[in-house]
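Participant: Just structure_21.cif, nothing more (mmCIF, C-alpha atoms and all ligand atoms):
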```cif
data_work
#
loop_
_atom_site.label_atom_id
_atom_site.label_comp_id
_atom_site.auth_asym_id
_atom_site.auth_seq_id
_atom_site.Cartn_x
_atom_site.Cartn_y
_atom_site.Cartn_z
CA MET A 223 -116.82 102.26 61.55
CA ILE A 224 -115.74 99.40 63.75
CA THR A 225 -118.72 97.31 64.82
CA ASP A 226 -116.81 94.55 66.49
CA PRO A 227 -114.85 96.40 69.12
CA GLN A 228 -112.17 94.70 71.02
CA GLU A 229 -113.31 93.59 74.45
CA LEU A 230 -111.42 95.28 77.22
CA ASP A 231 -110.44 93.62 80.40
CA THR A 232 -112.59 95.48 82.90
CA GLY A 233 -113.94 94.05 86.12
CA VAL A 234 -117.53 92.89 85.59
CA ASP A 235 -118.52 95.37 88.20
CA GLU A 236 -117.32 98.40 86.24
CA VAL A 237 -119.91 99.49 83.72
CA ILE A 238 -118.57 102.96 82.92
CA ARG A 239 -114.87 103.75 83.11
CA PHE A 240 -113.04 106.97 82.32
CA GLU A 241 -109.35 106.40 81.62
CA GLY A 242 -107.15 109.49 81.52
CA VAL A 243 -109.87 111.45 79.74
CA VAL A 244 -109.13 115.00 78.61
CA LYS A 245 -111.53 117.34 76.83
CA ARG A 246 -110.53 120.60 75.18
CA TYR A 247 -113.19 122.45 73.23
CA GLY A 248 -110.66 124.64 71.45
CA ARG A 249 -106.90 124.57 71.19
CA ARG A 250 -106.55 127.83 73.03
CA GLN A 251 -109.15 127.04 75.64
CA ALA A 252 -108.24 125.63 79.03
CA PRO A 253 -109.32 121.99 79.27
CA ALA A 254 -112.96 121.45 80.29
CA VAL A 255 -111.93 118.05 81.67
CA THR A 256 -108.45 117.26 82.92
CA ASP A 257 -106.99 113.74 83.02
CA LEU A 258 -110.07 112.10 84.46
CA THR A 259 -109.96 108.52 85.69
CA PHE A 260 -112.82 106.91 87.61
CA SER A 261 -115.42 104.22 87.22
CA VAL A 262 -119.05 103.52 87.98
CA ARG A 263 -119.99 100.04 89.15
CA ARG A 264 -122.94 98.01 87.99
CA GLY A 265 -126.19 99.16 89.60
CA GLU A 266 -124.52 102.16 91.18
CA LEU A 267 -125.71 105.77 91.06
CA VAL A 268 -122.85 108.25 90.98
CA ALA A 269 -123.72 111.95 91.22
CA LEU A 270 -121.42 114.53 89.63
CA VAL A 271 -121.37 117.83 91.50
CA GLY A 272 -119.30 120.98 91.37
CA PRO A 273 -119.52 124.68 90.53
CA SER A 274 -121.11 125.90 87.32
CA GLY A 275 -118.91 125.31 84.28
CA CYS A 276 -116.67 122.74 85.98
CA GLY A 277 -117.32 120.17 83.25
CA LYS A 278 -120.11 117.96 84.62
CA SER A 279 -122.26 117.90 81.48
CA THR A 280 -119.18 117.45 79.31
CA ILE A 281 -118.20 114.37 81.35
CA LEU A 282 -121.71 112.95 81.05
CA ARG A 283 -121.93 113.59 77.32
CA MET A 284 -118.68 111.80 76.63
CA VAL A 285 -120.36 108.56 77.74
CA ASN A 286 -122.89 108.59 74.88
CA ARG A 287 -120.52 110.44 72.54
CA LEU A 288 -122.46 113.65 72.27
CA VAL A 289 -118.99 114.98 73.07
CA GLU A 290 -115.81 113.22 71.93
CA PRO A 291 -112.80 113.11 74.28
CA THR A 292 -109.63 114.89 73.14
CA ALA A 293 -107.48 112.22 74.82
CA GLY A 294 -107.98 109.09 76.89
CA ARG A 295 -110.97 106.82 76.51
CA VAL A 296 -114.38 106.10 77.96
CA VAL A 297 -115.19 102.42 78.37
CA VAL A 298 -118.80 101.25 78.66
CA ASP A 299 -119.51 97.63 79.46
CA GLY A 300 -115.99 96.61 78.53
CA ARG A 301 -115.96 98.43 75.19
CA ASP A 302 -114.02 101.51 74.20
CA THR A 303 -116.87 103.82 73.17
CA GLY A 304 -114.65 105.38 70.52
CA HIS A 305 -114.85 102.06 68.67
CA VAL A 306 -118.57 101.44 69.04
CA ASP A 307 -121.11 102.54 66.46
CA VAL A 308 -122.82 105.60 67.97
CA VAL A 309 -126.35 104.38 67.29
CA THR A 310 -125.65 101.01 68.91
CA LEU A 311 -123.97 102.71 71.85
CA ARG A 312 -126.88 105.09 72.48
CA ARG A 313 -129.44 102.29 72.36
CA GLY A 314 -128.00 100.92 75.57
CA ILE A 315 -127.91 104.29 77.29
CA GLY A 316 -130.95 106.24 78.48
CA TYR A 317 -130.50 110.01 78.53
CA VAL A 318 -132.58 112.46 80.59
CA ILE A 319 -132.04 116.20 80.41
CA GLN A 320 -133.33 119.10 82.43
CA ALA A 321 -135.92 120.40 79.98
CA ALA A 322 -137.17 116.81 79.55
CA GLY A 323 -136.61 117.27 75.77
CA LEU A 324 -140.03 115.93 74.80
CA MET A 325 -141.38 116.20 71.26
CA PRO A 326 -144.06 118.91 71.59
CA HIS A 327 -146.38 117.67 68.83
CA ARG A 328 -146.46 114.08 70.04
CA THR A 329 -148.55 112.66 72.86
CA VAL A 330 -147.05 111.41 76.11
CA ARG A 331 -147.50 107.79 74.94
CA HIS A 332 -145.78 108.53 71.65
CA ASN A 333 -142.88 110.26 73.39
CA VAL A 334 -142.32 107.40 75.83
CA GLY A 335 -142.57 104.77 73.08
CA THR A 336 -140.05 106.43 70.77
CA VAL A 337 -137.07 104.17 71.41
CA PRO A 338 -138.99 100.86 71.48
CA ARG A 339 -140.57 101.85 68.14
CA LEU A 340 -137.16 102.66 66.68
CA LEU A 341 -135.98 99.27 67.88
CA GLY A 342 -138.84 97.65 65.97
CA TRP A 343 -140.75 96.35 68.98
CA ASP A 344 -144.20 94.90 68.41
CA ARG A 345 -146.98 97.54 68.75
CA ASP A 346 -148.80 95.78 71.57
CA VAL A 347 -145.60 95.10 73.47
CA THR A 348 -144.64 98.77 73.14
CA ALA A 349 -148.09 99.96 74.23
CA ARG A 350 -148.00 97.75 77.33
CA ARG A 351 -144.47 98.85 78.16
CA VAL A 352 -145.39 102.52 77.82
CA ASP A 353 -148.35 102.23 80.20
CA GLU A 354 -146.26 100.23 82.65
CA LEU A 355 -143.60 102.97 82.65
CA LEU A 356 -146.11 105.78 83.10
CA ASP A 357 -147.42 103.90 86.14
CA LEU A 358 -143.88 103.43 87.40
CA VAL A 359 -143.18 107.19 87.36
CA GLY A 360 -146.53 107.93 88.99
CA LEU A 361 -148.57 109.14 86.00
CA ASP A 362 -151.91 107.46 85.35
CA PRO A 363 -151.76 106.34 81.68
CA ALA A 364 -155.53 106.84 81.20
CA THR A 365 -155.31 110.45 82.38
CA TYR A 366 -152.01 111.53 80.89
CA GLY A 367 -151.23 109.12 78.05
CA ASP A 368 -152.93 111.12 75.32
CA ARG A 369 -151.96 114.59 76.47
CA TYR A 370 -149.34 116.73 74.78
CA PRO A 371 -146.27 117.94 76.71
CA ALA A 372 -147.66 121.51 76.92
CA GLN A 373 -150.66 120.11 78.83
CA LEU A 374 -148.43 118.83 81.63
CA SER A 375 -146.76 120.58 84.57
CA GLY A 376 -142.97 120.84 84.63
CA GLY A 377 -142.71 117.98 87.14
CA GLN A 378 -144.98 115.77 85.03
CA GLN A 379 -142.90 116.50 81.94
CA GLN A 380 -139.79 115.43 83.81
CA ARG A 381 -141.49 112.19 84.83
CA VAL A 382 -142.27 111.54 81.17
CA GLY A 383 -138.60 112.25 80.39
CA VAL A 384 -137.55 109.61 82.95
CA ALA A 385 -140.13 107.11 81.60
CA ARG A 386 -138.87 107.69 78.07
CA ALA A 387 -135.25 107.10 79.09
CA LEU A 388 -136.25 103.83 80.78
CA ALA A 389 -138.45 102.62 77.92
CA ALA A 390 -136.04 100.27 76.17
CA ASP A 391 -134.72 99.11 79.55
CA PRO A 392 -131.16 100.38 78.98
CA PRO A 393 -128.61 99.19 81.54
CA VAL A 394 -127.06 102.67 81.73
CA LEU A 395 -128.79 105.98 82.45
CA LEU A 396 -127.30 109.45 82.04
CA MET A 397 -129.24 112.15 83.83
CA ASP A 398 -128.33 115.82 83.43
CA GLU A 399 -130.08 117.93 86.09
CA PRO A 400 -133.23 115.87 85.51
CA PHE A 401 -135.15 117.55 88.34
CA GLY A 402 -133.61 120.98 87.89
CA ALA A 403 -136.54 122.92 86.49
CA VAL A 404 -139.17 122.29 89.17
CA ASP A 405 -140.04 123.81 92.53
CA PRO A 406 -138.55 122.33 95.73
CA VAL A 407 -141.69 120.39 96.73
CA VAL A 408 -142.04 118.64 93.38
CA ARG A 409 -138.30 118.12 93.30
CA ASP A 410 -138.45 116.40 96.66
CA ARG A 411 -141.23 114.13 95.41
CA LEU A 412 -139.37 113.30 92.20
CA GLN A 413 -136.23 112.45 94.17
CA THR A 414 -138.16 110.13 96.48
CA GLU A 415 -139.88 108.48 93.54
CA PHE A 416 -136.66 108.09 91.58
CA ARG A 417 -134.96 106.54 94.59
CA ARG A 418 -137.80 104.02 94.86
CA ILE A 419 -137.54 103.18 91.15
CA GLN A 420 -133.76 102.86 91.35
CA THR A 421 -134.00 100.50 94.35
CA ASP A 422 -135.98 98.13 92.14
CA LEU A 423 -134.26 98.62 88.79
CA ARG A 424 -130.63 99.06 89.91
CA LYS A 425 -129.56 100.87 86.74
CA THR A 426 -126.01 102.12 86.41
CA VAL A 427 -126.54 105.87 86.61
CA LEU A 428 -124.43 108.99 86.14
CA PHE A 429 -126.40 111.92 87.52
CA VAL A 430 -125.38 115.57 87.13
CA THR A 431 -126.71 118.05 89.67
CA HIS A 432 -125.61 121.37 91.11
CA ASP A 433 -127.60 120.58 94.25
CA LEU A 434 -125.40 118.89 96.84
CA ASP A 435 -128.41 117.94 98.99
CA GLU A 436 -129.95 116.14 96.03
CA ALA A 437 -126.64 114.37 95.37
CA VAL A 438 -126.16 113.07 98.91
CA ARG A 439 -129.78 112.04 99.05
CA ILE A 440 -129.96 109.88 95.96
CA ALA A 441 -126.39 108.83 95.15
CA ASP A 442 -124.41 105.78 96.23
CA ARG A 443 -121.27 107.83 95.63
CA VAL A 444 -120.72 111.50 94.91
CA ALA A 445 -117.95 112.86 92.67
CA VAL A 446 -116.95 116.45 93.45
CA PHE A 447 -115.29 118.36 90.61
CA SER A 448 -113.52 121.69 90.51
CA SER A 449 -113.03 123.94 87.52
CA GLY A 450 -111.41 122.18 84.56
CA GLY A 451 -113.15 118.89 85.35
CA VAL A 452 -110.66 118.01 88.06
CA LEU A 453 -111.96 115.21 90.28
CA GLU A 454 -111.42 116.31 93.88
CA GLN A 455 -113.15 113.48 95.72
CA LEU A 456 -115.25 110.42 94.94
CA ALA A 457 -116.87 108.98 98.03
CA ASP A 458 -120.12 107.80 99.55
CA PRO A 459 -122.23 110.65 100.97
CA GLN A 460 -121.34 109.89 104.60
CA THR A 461 -117.61 110.01 103.93
CA LEU A 462 -117.86 113.08 101.72
CA LEU A 463 -119.63 115.04 104.45
CA SER A 464 -117.70 113.77 107.43
CA ALA A 465 -114.23 113.48 105.87
CA PRO A 466 -113.85 115.94 102.98
CA ALA A 467 -110.61 115.20 101.13
CA ASN A 468 -109.27 118.75 100.78
CA ASP A 469 -110.06 122.46 101.10
CA THR A 470 -111.88 122.58 97.77
CA VAL A 471 -114.31 119.91 98.92
CA VAL A 472 -114.64 121.63 102.30
CA ALA A 473 -115.55 124.87 100.54
CA PHE A 474 -118.01 123.14 98.25
CA THR A 475 -119.76 121.09 100.92
CA GLY A 476 -120.12 124.21 103.06
CA SER A 477 -119.91 124.99 106.74
CA ASP A 478 -123.32 123.38 107.25
CA ARG A 479 -122.24 119.95 106.02
CA GLY A 480 -122.80 118.70 109.59
CA LEU A 481 -126.50 119.45 109.09
CA ARG A 482 -126.45 117.84 105.66
CA ARG A 483 -125.16 114.67 107.27
CA LEU A 484 -128.47 114.32 109.08
CA ALA A 485 -130.09 113.40 105.77
CA VAL A 486 -127.66 110.56 105.11
CA THR A 487 -127.44 109.15 108.63
CA PRO A 488 -129.92 106.38 109.43
CA LEU A 489 -131.82 106.31 112.69
CA ARG A 490 -130.82 103.09 114.45
CA ALA A 491 -132.52 101.38 117.36
CA GLU A 492 -129.22 101.04 119.27
CA ASP A 493 -128.72 104.81 119.38
CA LEU A 494 -132.07 105.51 120.99
CA ASP A 495 -132.62 106.64 124.56
CA LYS A 496 -134.53 104.23 126.78
CA PRO A 497 -136.39 106.44 129.25
CA LEU A 498 -138.36 104.84 132.07
CA VAL A 499 -141.60 103.27 130.85
CA VAL A 500 -144.74 103.57 132.97
CA ALA A 501 -148.40 102.67 132.48
CA PRO A 502 -151.30 105.17 132.51
CA GLU A 503 -152.81 103.51 135.58
CA ASP A 504 -149.57 103.69 137.63
CA GLY A 505 -149.74 106.02 140.61
CA ALA A 506 -148.17 109.47 140.06
CA ALA A 507 -146.22 109.19 143.35
CA TYR A 508 -144.83 105.80 142.37
CA ALA A 509 -143.81 107.04 138.91
CA ALA A 510 -142.16 110.18 140.36
CA THR A 511 -140.08 108.07 142.75
CA ALA A 512 -139.16 105.63 139.99
CA LEU A 513 -137.99 108.58 137.84
CA ASP A 514 -135.89 109.92 140.75
CA VAL A 515 -134.18 106.55 141.05
CA ASP A 516 -133.76 106.42 137.27
CA ARG A 517 -132.47 110.02 137.24
CA GLY A 518 -134.63 110.69 134.23
CA GLN A 519 -136.43 113.89 133.33
CA PHE A 520 -139.42 112.17 131.79
CA ALA A 521 -141.10 108.79 131.36
CA VAL A 522 -142.73 107.23 128.31
CA VAL A 523 -146.26 105.99 128.90
CA VAL A 524 -147.07 102.65 127.29
CA SER A 525 -150.43 100.91 127.42
CA ARG A 526 -150.86 97.35 126.08
CA GLY A 527 -147.69 97.63 124.03
CA GLU A 528 -148.62 101.00 122.51
CA VAL A 529 -147.02 104.32 123.26
CA VAL A 530 -149.75 106.68 124.43
CA GLY A 531 -147.71 109.67 125.57
CA TRP A 532 -145.09 110.93 127.97
CA VAL A 533 -144.92 112.63 131.39
CA PRO A 534 -142.30 115.07 132.72
CA ARG A 535 -140.88 114.44 136.17
CA GLY A 536 -142.02 117.86 137.44
CA ALA A 537 -145.67 117.20 136.55
CA LEU A 538 -145.60 113.81 138.31
CA ARG A 539 -144.06 115.32 141.44
CA GLU A 540 -146.62 118.10 141.43
CA ALA A 541 -149.51 115.64 141.02
CA ALA A 542 -148.11 113.45 143.77
CA ARG A 543 -147.69 116.46 146.13
CA SER A 544 -150.79 118.53 145.57
CA GLY A 545 -153.15 116.37 143.48
CA PRO A 546 -155.71 113.90 144.80
CA ARG A 547 -154.28 111.01 146.75
CA ASP A 548 -154.94 108.52 144.00
CA ALA A 549 -153.46 110.73 141.22
CA ARG A 550 -152.47 108.54 138.30
CA VAL A 551 -149.98 108.91 135.46
CA ARG A 552 -152.90 109.31 133.03
CA ASP A 553 -153.97 112.51 134.84
CA VAL A 554 -150.77 114.27 133.73
CA LEU A 555 -150.23 112.38 130.49
CA ARG A 556 -149.12 114.38 127.43
CA PRO A 557 -149.82 112.85 124.06
CA PHE A 558 -147.29 112.73 121.23
CA ARG A 559 -148.30 114.37 117.98
CA ALA A 560 -145.88 112.33 115.89
CA THR A 561 -143.75 109.20 115.89
CA ALA A 562 -140.61 108.23 113.98
CA THR A 563 -139.46 104.87 112.65
CA THR A 564 -136.03 103.26 112.43
CA ARG A 565 -136.31 103.29 108.64
CA GLN A 566 -136.13 107.07 108.56
CA ASP A 567 -133.06 109.22 108.28
CA LEU A 568 -132.04 111.46 111.16
CA ARG A 569 -133.14 114.60 109.36
CA ALA A 570 -136.75 113.46 108.94
CA ALA A 571 -136.91 112.14 112.51
CA PHE A 572 -135.26 115.22 114.02
CA SER A 573 -137.56 117.56 112.17
CA ALA A 574 -140.58 115.60 113.51
CA LEU A 575 -139.12 116.04 117.00
CA LEU A 576 -138.69 119.79 116.48
CA ALA A 577 -142.24 120.14 115.17
CA GLN A 578 -143.85 118.94 118.38
CA ASP A 579 -143.91 120.36 121.82
CA ALA A 580 -141.96 117.61 123.62
CA PRO A 581 -138.30 116.90 124.40
CA LEU A 582 -138.58 113.39 122.97
CA LEU A 583 -140.20 111.48 120.15
CA PRO A 584 -141.14 107.79 120.32
CA VAL A 585 -139.47 105.64 117.67
CA LEU A 586 -141.15 102.54 116.30
CA ASP A 587 -139.32 99.53 114.94
CA ASP A 588 -141.45 97.03 112.99
CA GLY A 589 -144.50 98.56 114.61
CA GLY A 590 -143.29 98.22 118.21
CA TYR A 591 -141.82 100.87 120.52
CA ALA A 592 -138.01 100.82 120.18
CA GLY A 593 -136.95 103.83 122.25
CA ALA A 594 -136.98 107.61 122.23
CA LEU A 595 -135.35 110.17 119.99
CA THR A 596 -133.87 113.13 121.85
CA PRO A 597 -131.31 115.77 120.78
CA ASP A 598 -128.65 113.64 122.52
CA VAL A 599 -129.50 110.69 120.30
CA VAL A 600 -128.98 112.85 117.22
CA LEU A 601 -125.52 113.87 118.39
CA ARG A 602 -124.62 110.29 119.28
CA ALA A 603 -125.69 108.96 115.88
CA LEU A 604 -123.73 111.66 114.04
CA ARG A 605 -120.62 110.88 116.09
CA ARG A 606 -120.97 107.17 115.46
CA GLU A 607 -121.07 107.80 111.72
CA THR A 608 -117.95 109.97 111.92
CA THR A 609 -115.83 107.60 113.95
CA GLY A 610 -117.14 104.42 112.34
CA PRO A 611 -118.89 101.48 114.02
N1 LIG B 701 -119.61 123.26 72.87
C1 LIG B 701 -118.73 123.94 73.60
N2 LIG B 701 -117.80 124.72 73.04
C2 LIG B 701 -116.89 125.40 73.76
N3 LIG B 701 -116.84 125.37 75.10
C3 LIG B 701 -117.75 124.62 75.74
C4 LIG B 701 -118.74 123.86 75.04
N4 LIG B 701 -119.51 123.20 75.94
C5 LIG B 701 -119.03 123.54 77.15
N5 LIG B 701 -117.98 124.36 77.05
C6 LIG B 701 -117.17 124.92 78.15
O1 LIG B 701 -116.64 123.83 78.89
C7 LIG B 701 -116.72 124.07 80.29
C8 LIG B 701 -117.52 122.97 80.97
O2 LIG B 701 -118.89 123.08 80.58
P1 LIG B 701 -119.99 122.06 81.11
O3 LIG B 701 -121.28 122.43 80.46
O4 LIG B 701 -119.50 120.69 80.94
O5 LIG B 701 -120.01 122.43 82.67
P2 LIG B 701 -121.09 122.09 83.79
O6 LIG B 701 -120.31 121.78 85.01
O7 LIG B 701 -122.03 121.06 83.29
O8 LIG B 701 -121.81 123.50 83.93
P3 LIG B 701 -123.26 123.90 84.54
O9 LIG B 701 -123.31 123.38 85.94
O10 LIG B 701 -123.23 125.39 84.47
O11 LIG B 701 -124.27 123.26 83.62
C9 LIG B 701 -117.30 125.45 80.44
O12 LIG B 701 -116.25 126.36 80.61
C10 LIG B 701 -118.01 125.70 79.13
O13 LIG B 701 -118.04 127.06 78.82
#
```
Output the file's structure in the form of structure tokens.
Ligand SMILES: Nc1ncnc2c1ncn2[C@@H]1O[C@H](COP(=O)(O)OP(=O)(O)OP(=O)(O)O)[C@@H](O)[C@H]1O

Facilitator:
Amino acid sequence: MITDPQELDTGVDEVIRFEGVVKRYGRRQAPAVTDLTFSVRRGELVALVGPSGCGKSTILRMVNRLVEPTAGRVVVDGRDTGHVDVVTLRRGIGYVIQAAGLMPHRTVRHNVGTVPRLLGWDRDVTARRVDELLDLVGLDPATYGDRYPAQLSGGQQQRVGVARALAADPPVLLMDEPFGAVDPVVRDRLQTEFRRIQTDLRKTVLFVTHDLDEAVRIADRVAVFSSGGVLEQLADPQTLLSAPANDTVVAFTGSDRGLRRLAVTPLRAEDLDKPLVVAPEDGAAYAATALDVDRGQFAVVVSRGEVVGWVPRGALREAARSGPRDARVRDVLRPFRATATTRQDLRAAFSALLAQDAPLLPVLDDGGYAGALTPDVVLRALRRETTGP
């Protein structure tokens, strides 16, 4: 076994590199992976997607040598993995699988501390690290630390699986459908939590999923494969959804990829509508005239810097015509039930708009009113992302 592998000249930014990798499980079988070349940069999360059986897990497992390539090589941190001692290699690579793979007769704490113990860490250091990780994945160590896997929900088991993979602080994480076995609500929560963790830790991650929405939500880049492990496109989520490379990717991303793009398009202050702003104490007649001049259909009502609601032009006109002489904006004011912020993606903001009974939604930027979200804004933002800045 070669323990002093030759260093390969890779860019510092490439942590995992596949070079002309082929995998055949049997001589007669068609290749599971065909001449694959691509790399994952430091701190990057690349999601592998594609139809069932297209070779995603095989590709992942060649990184930690659970599967050996038939030809080509996989380079991790500048070293040809074929020349690295398997135990040493796996120490630097966390591995999370769908069923969480926990030891059933060991407590949560024991499961999470497995790798640090194998590495000979001090008991106290390991104990502290384990509790810190349980906190990180949102499990209270006092409540869950001494439970057995069977005493946890599926989502909680998967969190323990993630904590265990992170325990020895490996620079590389391999995740094979890590959130696959839970219901959509828990899955959504796990994705959000994992994204938060990844923003802080910046691990180099290869992430297998059959769920394209999950991929575009959490990945920096998405690799789409077709049968035989053929790489069809490797691109950031925006590009993948707005400029699919070929018909295979078009078919895989689906006719509703325009809708999927909502989730990966940020809401920006410059895209927002700026309807007329009035105050609650303004006269209804004045506001109606101002809206006529502005050619707007509605005005946003702001009081002392805070958005308090909106008024449609028709209601102002009506109040000015048939209401009391001193009718004010506040007499026809309609409150908003929700607000959005510029940190949200278009999908979250648009769904808040759809959930309330108003044609616009106020958007806040660092706490202050930044403008209004309307269906037009959504279209504008999507077009901007397609045509570039
Ligand atoms: N140990 C094995 N022996 C023989 N063939 C295998 C083995 N493991 C996988 N295969 C075959 O290799 C191909 C790729 O399998 P792989 O599990 O990598 O695909 P996948 O994209 O991860 O699939 P899924 O999304 O269904 O999990 C499949 O045709 C599969 O049947």

Participant: Which residue gives the smallest distance to A:Gly304 among A:Leu489, A:Ala574, A:Leu288, A:Ala580, with only C-alpha atoms counted?

Facilitator: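 Nearest to A:Gly304: A:Leu288.
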
Participant: Name each residue within 9 Å of ligand LIG 701 (chain B), counting only C-alpha atoms and all ligand atoms, as a PyMOL selection string.

Facilitator: chain A and resi 245-248+251-255+270-283+289+398-399+430-432+447-451

Participant: Just to confirm, what's the straight-line distance from atom CA of A:Phe429 to atom CA of A:Val262 in Å (one decimal)?

Facilitator: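 These atoms are spaced 11.2 Å apart.
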
Participant: With 9 Å as the threshold, what does the neighbourhood of (-134.0, 115.5, 106.6) contain in terms of residues, counting all atoms listed in the file? Coordinates are those of the file; answer as a ChimeraX atom specification.

Facilitator: /A:481-486,566-573

Participant: With only C-alpha atoms as the counted atoms, please give the residues lying no more than 8 Å from A:Ala387, apart from itself and same-chain residues fewer than 3 positions off, as a list in words.

Facilitator: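 In the requested form, the answer reads Gly316, Tyr317, Val318, Val334, Gly383, Val384, Ala390, Pro392 and Leu395 of chain A.
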
Participant: Name the residues in contact with A:Phe240 at a cut-off of 10 Å, using all atoms listed in the file, excluding same-chain residues fewer than 3 positions from it; report them as an NGL selection string.

Facilitator: :A and (243-244 or 257-262 or 281 or 284-285 or 294-298 or 302)

Participant: Report as a tab-separated table the residues of stretch 490-537 of chain A within 9 Å of stretch 595-605 of chain A, each with its shortest atom pair and distance in Å (one decimal), using all atoms listed in the file, ordered by chain and increasing residue number.

Facilitator:
```
residue	atom	partner	partner_atom	distance
A:Arg490	CA	A:Ala603	CA	7.9
A:Asp493	CA	A:Val599	CA	6.0
A:Leu494	CA	A:Leu595	CA	5.8
A:Asp495	CA	A:Leu595	CA	6.4
```

Participant: With a distance cut-off of 10 Å and only C-alpha atoms, select the neighbouring residues of A:Gly376, excluding the residue or stretch itself and same-chain residues fewer than 3 positions from it, and output the selection as a CSV table (one decimal) with C-alpha atoms, in the frame of the given file.

Facilitator:
```
chain,number,residue,atom,x,y,z
A,321,ALA,CA,-135.9,120.4,80.0
A,322,ALA,CA,-137.2,116.8,79.6
A,371,PRO,CA,-146.3,117.9,76.7
A,372,ALA,CA,-147.7,121.5,76.9
A,373,GLN,CA,-150.7,120.1,78.8
A,379,GLN,CA,-142.9,116.5,81.9
A,380,GLN,CA,-139.8,115.4,83.8
A,381,ARG,CA,-141.5,112.2,84.8
A,382,VAL,CA,-142.3,111.5,81.2
A,401,PHE,CA,-135.2,117.6,88.3
A,402,GLY,CA,-133.6,121.0,87.9
A,403,ALA,CA,-136.5,122.9,86.5
A,404,VAL,CA,-139.2,122.3,89.2
A,405,ASP,CA,-140.0,123.8,92.5
A,408,VAL,CA,-142.0,118.6,93.4
```

Participant: At what distance in Å, to one decimal, does atom CA of A:Pro406 lie from atom CA of A:Arg418?

Facilitator: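 Computed distance, atom CA of A:Arg418 to atom CA of A:Pro406, equals 18.3 Å.
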
Participant: Near A:Leu388, counting all atoms listed in the file, which residues have an atom at most 12 Å away, once you skip same-chain residues fewer than 6 positions from it, shown as a compact mmCIF listing (two decimals) with C-alpha atoms, in the coordinates of the input?

Facilitator:
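So the final result, stored in part39.txt, reads:
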```
# COMPACT_ATOMS: atom_id res chain seq x y z
CA ARG A 313 -129.44 102.29 72.36
CA GLY A 314 -128.00 100.92 75.57
CA ILE A 315 -127.91 104.29 77.29
CA GLY A 316 -130.95 106.24 78.48
CA TYR A 317 -130.50 110.01 78.53
CA VAL A 318 -132.58 112.46 80.59
CA ASN A 333 -142.88 110.26 73.39
CA VAL A 334 -142.32 107.40 75.83
CA GLY A 335 -142.57 104.77 73.08
CA THR A 336 -140.05 106.43 70.77
CA VAL A 337 -137.07 104.17 71.41
CA PRO A 338 -138.99 100.86 71.48
CA ARG A 351 -144.47 98.85 78.16
CA VAL A 352 -145.39 102.52 77.82
CA GLU A 354 -146.26 100.23 82.65
CA LEU A 355 -143.60 102.97 82.65
CA LEU A 356 -146.11 105.78 83.10
CA LEU A 358 -143.88 103.43 87.40
CA VAL A 359 -143.18 107.19 87.36
CA ARG A 381 -141.49 112.19 84.83
CA VAL A 382 -142.27 111.54 81.17
CA VAL A 394 -127.06 102.67 81.73
CA LEU A 395 -128.79 105.98 82.45
CA LEU A 396 -127.30 109.45 82.04
CA MET A 397 -129.24 112.15 83.83
CA PHE A 416 -136.66 108.09 91.58
CA ILE A 419 -137.54 103.18 91.15
CA GLN A 420 -133.76 102.86 91.35
CA LEU A 423 -134.26 98.62 88.79
CA ARG A 424 -130.63 99.06 89.91
CA LYS A 425 -129.56 100.87 86.74
CA THR A 426 -126.01 102.12 86.41
CA VAL A 427 -126.54 105.87 86.61
```

Participant: Step by step: start from the point (-142.9, 108.7, 141.9) in the file's coordinates, keep every protein, DNA or RNA residue that has an atom no farther than 12 Å from it, count only C-alpha atoms, and write the set as a ChimeraX atom specification.

Facilitator: /A:498,500,504-521,533-543,549-551

Participant: Kindly give the distance, in Å, that separates atom CA of A:Arg249 and atom CA of A:Leu453, rounded to a single decimal.

Facilitator: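 Straight-line distance from atom CA of A:Arg249 to atom CA of A:Leu453 works out to 21.9 Å.
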
Participant: I need the residue nearest A:Pro584 from this list: A:Glu528, A:Asp235, A:Glu454, A:Asp362. Use all atoms listed in the file for the distance.

Facilitator: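 Of all the options, A:Glu528 lies closest to A:Pro584.
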
Participant: Rank nothing, just name the residue among A:Pro459, A:Pro557, A:Pro488, A:Gly545 nearest to A:Thr475, using only C-alpha atoms.

Facilitator: A:Pro459

Participant: Reconstruct N, CA and C atoms of stretch 248-253 of chain A; output as a PDB file, in the frame of the given file.

Facilitator:
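File written: selection-v9.pdb
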```
ATOM      1  N   GLY A 248    -111.403 123.920  72.475  1.00  0.00           N
ATOM      2  CA  GLY A 248    -110.660 124.640  71.450  1.00  0.00           C
ATOM      3  C   GLY A 248    -109.191 124.602  71.842  1.00  0.00           C
ATOM      4  N   ARG A 249    -108.318 124.712  70.866  1.00  0.00           N
ATOM      5  CA  ARG A 249    -106.900 124.570  71.190  1.00  0.00           C
ATOM      6  C   ARG A 249    -106.427 125.586  72.211  1.00  0.00           C
ATOM      7  N   ARG A 250    -107.011 126.777  72.123  1.00  0.00           N
ATOM      8  CA  ARG A 250    -106.550 127.830  73.030  1.00  0.00           C
ATOM      9  C   ARG A 250    -107.259 127.767  74.385  1.00  0.00           C
ATOM     10  N   GLN A 251    -108.367 127.064  74.391  1.00  0.00           N
ATOM     11  CA  GLN A 251    -109.150 127.040  75.640  1.00  0.00           C
ATOM     12  C   GLN A 251    -108.511 126.140  76.685  1.00  0.00           C
ATOM     13  N   ALA A 252    -108.681 126.506  77.944  1.00  0.00           N
ATOM     14  CA  ALA A 252    -108.240 125.630  79.030  1.00  0.00           C
ATOM     15  C   ALA A 252    -109.090 124.354  78.968  1.00  0.00           C
ATOM     16  N   PRO A 253    -108.533 123.220  79.380  1.00  0.00           N
ATOM     17  CA  PRO A 253    -109.320 121.990  79.270  1.00  0.00           C
ATOM     18  C   PRO A 253    -110.604 122.059  80.115  1.00  0.00           C
TER      19      PRO A 253
END
```
